[in-house]
$ cat model-v7.txt   # compact mmCIF, C-alpha atoms
# COMPACT_ATOMS: atom_id res chain seq x y z
CA MET A 780 101.33 90.75 91.22
CA VAL A 781 99.40 92.19 94.15
CA SER A 782 99.73 95.65 95.66
CA GLY A 783 97.91 96.75 98.80
CA ALA A 784 98.23 93.45 100.69
CA GLY A 785 99.21 93.50 104.37
CA GLN A 786 97.50 96.80 105.21
CA ALA A 787 96.83 97.70 108.83
CA VAL A 788 94.71 100.75 109.63
CA GLY A 789 93.37 102.28 112.83
CA LEU A 790 89.70 102.05 113.78
CA GLY A 791 88.88 105.29 111.96
CA GLY A 792 91.02 104.44 108.92
CA THR A 793 90.04 103.25 105.49
CA PHE A 794 91.78 100.52 103.51
CA ALA A 795 93.28 101.46 100.16
CA PRO A 796 92.10 99.43 97.17
CA VAL A 797 94.03 96.23 96.49
CA MET A 798 95.35 96.08 92.91
CA LEU A 799 95.92 92.78 91.12
CA LEU A 800 97.63 92.06 87.83
CA VAL A 801 96.22 89.05 85.99
CA THR A 802 98.88 87.40 83.82
CA ASP A 803 99.16 84.34 81.59
CA VAL A 804 101.77 81.61 82.09
CA ALA A 805 104.35 83.72 80.22
CA GLY A 806 103.78 86.63 82.63
CA ASP A 807 101.96 88.81 80.09
CA PRO A 808 98.92 90.84 81.29
CA VAL A 809 95.52 89.36 80.40
CA ALA A 810 92.75 91.79 79.46
CA GLY A 811 89.15 90.69 80.03
CA ALA A 812 89.93 87.91 82.53
CA ALA A 813 87.02 86.95 84.79
CA VAL A 814 87.94 87.27 88.47
CA THR A 815 85.96 86.06 91.50
CA ILE A 816 86.43 87.91 94.80
CA HIS A 817 85.35 86.51 98.18
CA GLN A 818 85.76 88.58 101.35
CA THR A 819 84.99 87.95 105.00
CA ALA A 820 85.22 90.38 107.90
CA ASP A 821 86.09 88.55 111.10
CA ALA A 822 86.25 90.07 114.56
CA ALA A 823 89.88 90.40 115.55
CA GLY A 824 91.15 87.31 117.35
CA MET A 825 90.63 87.11 121.06
CA PRO A 826 93.52 85.93 123.25
CA CYS A 827 93.71 82.22 123.93
CA PRO A 828 93.19 81.06 127.51
CA ALA A 829 96.07 79.39 129.37
CA ARG A 830 94.17 76.09 129.09
CA GLY A 831 91.63 74.84 126.61
CA ALA A 832 90.69 75.82 123.10
CA CYS A 833 91.07 79.31 121.68
CA PRO A 834 87.78 81.13 121.07
CA VAL A 835 86.66 81.39 117.45
CA ALA A 836 86.25 84.97 116.25
CA PRO A 837 82.75 85.66 114.89
CA VAL A 838 82.22 86.49 111.22
CA LEU A 839 80.95 90.07 110.95
CA GLY A 840 80.11 89.92 107.25
CA SER A 841 81.01 88.45 103.89
CA SER A 842 80.66 89.24 100.20
CA ASP A 843 81.13 87.56 96.84
CA THR A 844 81.70 89.70 93.76
CA ALA A 845 82.95 89.31 90.22
CA ALA A 846 85.21 91.58 88.20
CA VAL A 847 86.93 91.64 84.82
CA SER A 848 90.53 92.73 84.30
CA ASP A 849 90.99 95.96 82.35
CA VAL A 850 92.98 96.39 79.11
CA ASN A 851 96.22 96.31 81.17
CA GLY A 852 95.24 93.14 83.05
CA LEU A 853 94.51 95.08 86.27
CA VAL A 854 91.68 94.50 88.74
CA SER A 855 90.94 96.84 91.65
CA VAL A 856 89.37 95.34 94.79
CA THR A 857 87.79 97.58 97.42
CA PRO A 858 88.17 95.86 100.81
CA MET A 859 84.99 95.59 102.86
CA GLN A 860 84.96 97.23 106.30
CA THR A 861 82.68 97.30 109.32
CA ALA A 862 83.02 100.81 110.70
CA GLY A 863 84.51 101.17 114.15
CA LEU A 864 85.26 97.51 114.85
CA ASP A 865 88.54 95.71 115.49
CA GLU A 866 88.55 93.24 112.57
CA VAL A 867 90.50 91.19 110.06
CA ILE A 868 89.43 91.25 106.43
CA ASN A 869 90.27 88.03 104.59
CA VAL A 870 90.25 88.30 100.81
CA ALA A 871 90.44 85.35 98.38
CA ILE A 872 90.64 86.09 94.66
CA ALA A 873 90.56 83.57 91.81
CA ALA A 874 91.09 84.07 88.08
CA GLY A 875 89.70 81.04 86.26
CA THR A 876 91.02 77.71 87.47
CA GLN A 877 94.72 78.59 87.30
CA GLY A 878 95.26 81.70 89.41
CA PHE A 879 94.53 82.28 93.09
CA VAL A 880 95.69 84.72 95.76
CA SER A 881 94.62 85.32 99.34
CA LEU A 882 95.51 88.08 101.76
CA SER A 883 94.47 89.57 105.09
CA LEU A 884 94.03 93.19 106.10
CA GLN A 885 93.73 94.38 109.69
CA GLN A 886 91.73 97.21 111.24
CA GLY A 887 92.17 97.97 114.90
CA PRO A 888 93.62 100.14 117.60
$ encode --input "model-v7.txt" --output "structure tokens"
Amino acid sequence: MVSGAGQAVGLGGTFAPVMLLVTDVAGDPVAGAAVTIHQTADAAGMPCPARGACPVAPVLGSSDTAAVSDVNGLVSVTPMQTAGLDEVINVAIAAGTQGFVSLSLQQGP
């Protein structure tokens, strides 16, 4: 379960934390699960020209962090932001070798 995915905020806004529930195969919460979080902040996509390849948006920053689920199986992820820039935050989260989720958040006008 993920809450906080699909956020879009204005340039002065702040993303809310993304909450994840780590569960086992039976759907029960897992306390103490190791979670790896990778984030990249990419400049918002530029429009594609009528002919030729679309420009690749530059990477503004990235981070790798680790977390452990709490007694209820929850993990809170604070999305990275580059103040005042039109950007897309891509978040990839893995719990062990079995669980994976990815999401994108958007900041812009």
$ residues_near_point --input "model-v7.txt" --point "(86.4, 91.0, 111.0)" --cutoff "10 Å" --atoms "all atoms listed in the file" --output "PDB file with C-alpha atoms, keeping the file's coordinate frame"
ATOM      1  CA  GLN A 818      85.760  88.580 101.350  1.00  0.00           C
ATOM      2  CA  THR A 819      84.990  87.950 105.000  1.00  0.00           C
ATOM      3  CA  ALA A 820      85.220  90.380 107.900  1.00  0.00           C
ATOM      4  CA  ASP A 821      86.090  88.550 111.100  1.00  0.00           C
ATOM      5  CA  ALA A 822      86.250  90.070 114.560  1.00  0.00           C
ATOM      6  CA  ALA A 823      89.880  90.400 115.550  1.00  0.00           C
ATOM      7  CA  GLY A 824      91.150  87.310 117.350  1.00  0.00           C
ATOM      8  CA  ALA A 836      86.250  84.970 116.250  1.00  0.00           C
ATOM      9  CA  PRO A 837      82.750  85.660 114.890  1.00  0.00           C
ATOM     10  CA  VAL A 838      82.220  86.490 111.220  1.00  0.00           C
ATOM     11  CA  LEU A 839      80.950  90.070 110.950  1.00  0.00           C
ATOM     12  CA  GLY A 840      80.110  89.920 107.250  1.00  0.00           C
ATOM     13  CA  SER A 841      81.010  88.450 103.890  1.00  0.00           C
ATOM     14  CA  MET A 859      84.990  95.590 102.860  1.00  0.00           C
ATOM     15  CA  GLN A 860      84.960  97.230 106.300  1.00  0.00           C
ATOM     16  CA  THR A 861      82.680  97.300 109.320  1.00  0.00           C
ATOM     17  CA  LEU A 864      85.260  97.510 114.850  1.00  0.00           C
ATOM     18  CA  ASP A 865      88.540  95.710 115.490  1.00  0.00           C
ATOM     19  CA  GLU A 866      88.550  93.240 112.570  1.00  0.00           C
ATOM     20  CA  VAL A 867      90.500  91.190 110.060  1.00  0.00           C
ATOM     21  CA  ILE A 868      89.430  91.250 106.430  1.00  0.00           C
ATOM     22  CA  ASN A 869      90.270  88.030 104.590  1.00  0.00           C
ATOM     23  CA  LEU A 884      94.030  93.190 106.100  1.00  0.00           C
ATOM     24  CA  GLN A 885      93.730  94.380 109.690  1.00  0.00           C
ATOM     25  CA  GLN A 886      91.730  97.210 111.240  1.00  0.00           C
ATOM     26  CA  GLY A 887      92.170  97.970 114.900  1.00  0.00           C
TER      27      GLY A 887
END
$ closest_residue --input "model-v7.txt" --among "A:Val870, A:Val809, A:Ala787, A:Ala832" --to "Thr844 (chain A)" --atoms "only C-alpha atoms"
A:Val870
$ closest_residue --input "model-v7.txt" --among "A:Leu853, A:Leu790, A:Val781, A:Val814" --to "Pro888 (chain A)" --atoms "all atoms listed in the file"
A:Leu790
$ closest_residue --input "model-v7.txt" --among "A:His817, A:Ser782, A:Asp807, A:Gly791" --to "Ala871 (chain A)" --atoms "all atoms listed in the file"
A:His817
$ atom_distance --input "model-v7.txt" --atom1 "CA of Ala812 (chain A)" --atom2 "CA of Ala846 (chain A)"
8.2 Å
$ atom_distance --input "model-v7.txt" --atom1 "CA of Gly785 (chain A)" --atom2 "CA of Val854 (chain A)"
17.4 Å
$ closest_residue --input "model-v7.txt" --among "A:Val856, A:Ala829, A:Gly878, A:Ala873" --to "Phe794 (chain A)" --atoms "only C-alpha atoms"
A:Val856
$ atom_distance --input "model-v7.txt" --atom1 "CA of Ser883 (chain A)" --atom2 "CA of Gln786 (chain A)"
7.8 Å
$ residues_around --input "model-v7.txt" --residues "Ala874 (chain A)" --least-positions-apart "2" --cutoff "8 Å" --atoms "all atoms listed in the file" --output "PyMOL selection string"
chain A and resi 801+812-815+872+876-879
$ closest_residue --input "model-v7.txt" --among "A:Gly831, A:Ala805, A:Val850, A:Gly863" --to "Val788 (chain A)" --atoms "only C-alpha atoms"
A:Gly863
$ closest_residue --input "model-v7.txt" --among "A:Gly875, A:Gly852, A:Gly792, A:Pro828" --to "Ala810 (chain A)" --atoms "all atoms listed in the file"
A:Gly852
$ decode --input "model-v7.txt" --residues "region 810-845 of chain A" --atoms "N, CA, C and O atoms" --output "tab-separated table (two decimals), in the first residue's frame"
chain	number	residue	atom	x	y	z
A	810	ALA	N	7.14	-5.63	10.52
A	810	ALA	CA	7.94	-4.69	11.31
A	810	ALA	C	9.41	-4.99	11.10
A	810	ALA	O	9.81	-6.15	10.93
A	811	GLY	N	10.24	-3.94	11.06
A	811	GLY	CA	11.69	-4.12	10.96
A	811	GLY	C	12.20	-4.50	9.59
A	811	GLY	O	13.33	-4.96	9.46
A	812	ALA	N	11.41	-4.30	8.54
A	812	ALA	CA	11.85	-4.64	7.18
A	812	ALA	C	12.80	-3.56	6.66
A	812	ALA	O	12.52	-2.36	6.78
A	813	ALA	N	13.91	-3.98	6.09
A	813	ALA	CA	14.87	-3.04	5.49
A	813	ALA	C	14.32	-2.57	4.15
A	813	ALA	O	13.86	-3.37	3.34
A	814	VAL	N	14.37	-1.26	3.95
A	814	VAL	CA	13.83	-0.65	2.73
A	814	VAL	C	14.90	0.26	2.14
A	814	VAL	O	15.55	1.02	2.86
A	815	THR	N	15.10	0.17	0.83
A	815	THR	CA	16.04	1.03	0.11
A	815	THR	C	15.24	2.02	-0.71
A	815	THR	O	14.31	1.64	-1.42
A	816	ILE	N	15.64	3.31	-0.63
A	816	ILE	CA	14.91	4.38	-1.32
A	816	ILE	C	15.86	5.11	-2.25
A	816	ILE	O	16.89	5.63	-1.80
A	817	HIS	N	15.54	5.15	-3.53
A	817	HIS	CA	16.34	5.90	-4.51
A	817	HIS	C	15.44	6.98	-5.11
A	817	HIS	O	14.32	6.69	-5.54
A	818	GLN	N	15.94	8.22	-5.13
A	818	GLN	CA	15.18	9.33	-5.70
A	818	GLN	C	16.03	10.10	-6.70
A	818	GLN	O	17.23	10.25	-6.49
A	819	THR	N	15.40	10.57	-7.75
A	819	THR	CA	16.04	11.50	-8.68
A	819	THR	C	15.10	12.66	-8.90
A	819	THR	O	13.88	12.51	-8.94
A	820	ALA	N	15.70	13.84	-9.03
A	820	ALA	CA	14.94	15.05	-9.39
A	820	ALA	C	15.36	15.40	-10.80
A	820	ALA	O	16.53	15.66	-11.07
A	821	ASP	N	14.43	15.33	-11.72
A	821	ASP	CA	14.69	15.63	-13.13
A	821	ASP	C	13.98	16.92	-13.50
A	821	ASP	O	12.85	17.16	-13.06
A	822	ALA	N	14.63	17.74	-14.31
A	822	ALA	CA	13.95	18.93	-14.82
A	822	ALA	C	12.72	18.47	-15.57
A	822	ALA	O	12.72	17.42	-16.22
A	823	ALA	N	11.64	19.22	-15.44
A	823	ALA	CA	10.41	18.84	-16.13
A	823	ALA	C	10.67	18.73	-17.62
A	823	ALA	O	11.46	19.49	-18.19
A	824	GLY	N	10.03	17.77	-18.25
A	824	GLY	CA	10.24	17.51	-19.68
A	824	GLY	C	9.98	18.71	-20.56
A	824	GLY	O	9.06	19.47	-20.35
A	825	MET	N	10.87	18.87	-21.51
A	825	MET	CA	10.72	19.94	-22.48
A	825	MET	C	9.89	19.42	-23.64
A	825	MET	O	9.90	18.22	-23.92
A	826	PRO	N	9.18	20.27	-24.36
A	826	PRO	CA	8.36	19.78	-25.48
A	826	PRO	C	9.25	19.19	-26.58
A	826	PRO	O	10.36	19.64	-26.81
A	827	CYS	N	8.73	18.19	-27.23
A	827	CYS	CA	9.45	17.56	-28.34
A	827	CYS	C	9.30	18.42	-29.60
A	827	CYS	O	8.24	19.00	-29.84
A	828	PRO	N	10.36	18.50	-30.40
A	828	PRO	CA	10.26	19.24	-31.65
A	828	PRO	C	9.39	18.47	-32.64
A	828	PRO	O	9.15	17.28	-32.48
A	829	ALA	N	8.93	19.15	-33.68
A	829	ALA	CA	8.09	18.51	-34.70
A	829	ALA	C	8.86	17.39	-35.40
A	829	ALA	O	8.27	16.40	-35.82
A	830	ARG	N	10.17	17.54	-35.51
A	830	ARG	CA	11.01	16.52	-36.15
A	830	ARG	C	12.22	16.26	-35.27
A	830	ARG	O	12.72	17.14	-34.59
A	831	GLY	N	12.68	15.04	-35.28
A	831	GLY	CA	13.87	14.69	-34.52
A	831	GLY	C	13.55	14.17	-33.14
A	831	GLY	O	12.40	13.99	-32.76
A	832	ALA	N	14.61	13.92	-32.39
A	832	ALA	CA	14.49	13.33	-31.06
A	832	ALA	C	14.05	14.37	-30.03
A	832	ALA	O	14.34	15.55	-30.15
A	833	CYS	N	13.36	13.89	-29.02
A	833	CYS	CA	12.96	14.75	-27.90
A	833	CYS	C	14.19	15.02	-27.04
A	833	CYS	O	15.02	14.14	-26.84
A	834	PRO	N	14.31	16.23	-26.49
A	834	PRO	CA	15.44	16.52	-25.61
A	834	PRO	C	15.32	15.72	-24.31
A	834	PRO	O	14.22	15.46	-23.83
A	835	VAL	N	16.46	15.34	-23.75
A	835	VAL	CA	16.48	14.62	-22.48
A	835	VAL	C	16.57	15.64	-21.35
A	835	VAL	O	17.44	16.50	-21.36
A	836	ALA	N	15.67	15.53	-20.40
A	836	ALA	CA	15.67	16.46	-19.27
A	836	ALA	C	16.87	16.18	-18.37
A	836	ALA	O	17.16	15.02	-18.06
A	837	PRO	N	17.58	17.22	-17.94
A	837	PRO	CA	18.74	17.00	-17.08
A	837	PRO	C	18.34	16.54	-15.67
A	837	PRO	O	17.27	16.88	-15.17
A	838	VAL	N	19.21	15.73	-15.07
A	838	VAL	CA	19.03	15.30	-13.68
A	838	VAL	C	19.52	16.42	-12.77
A	838	VAL	O	20.67	16.87	-12.89
A	839	LEU	N	18.67	16.90	-11.88
A	839	LEU	CA	19.00	17.99	-10.98
A	839	LEU	C	19.62	17.50	-9.67
A	839	LEU	O	20.29	18.25	-8.98
A	840	GLY	N	19.37	16.24	-9.33
A	840	GLY	CA	19.92	15.68	-8.11
A	840	GLY	C	19.42	14.27	-7.90
A	840	GLY	O	18.48	13.83	-8.56
A	841	SER	N	20.07	13.55	-7.01
A	841	SER	CA	19.63	12.19	-6.68
A	841	SER	C	20.05	11.86	-5.25
A	841	SER	O	20.94	12.51	-4.69
A	842	SER	N	19.41	10.86	-4.68
A	842	SER	CA	19.77	10.42	-3.34
A	842	SER	C	19.43	8.95	-3.18
A	842	SER	O	18.51	8.43	-3.82
A	843	ASP	N	20.21	8.29	-2.35
A	843	ASP	CA	19.97	6.90	-1.96
A	843	ASP	C	19.94	6.87	-0.44
A	843	ASP	O	20.88	7.35	0.21
A	844	THR	N	18.87	6.34	0.13
A	844	THR	CA	18.76	6.23	1.58
A	844	THR	C	18.20	4.87	1.95
A	844	THR	O	17.69	4.14	1.10
A	845	ALA	N	18.33	4.54	3.22
A	845	ALA	CA	17.79	3.29	3.74
A	845	ALA	C	16.86	3.62	4.89
A	845	ALA	O	17.02	4.64	5.57
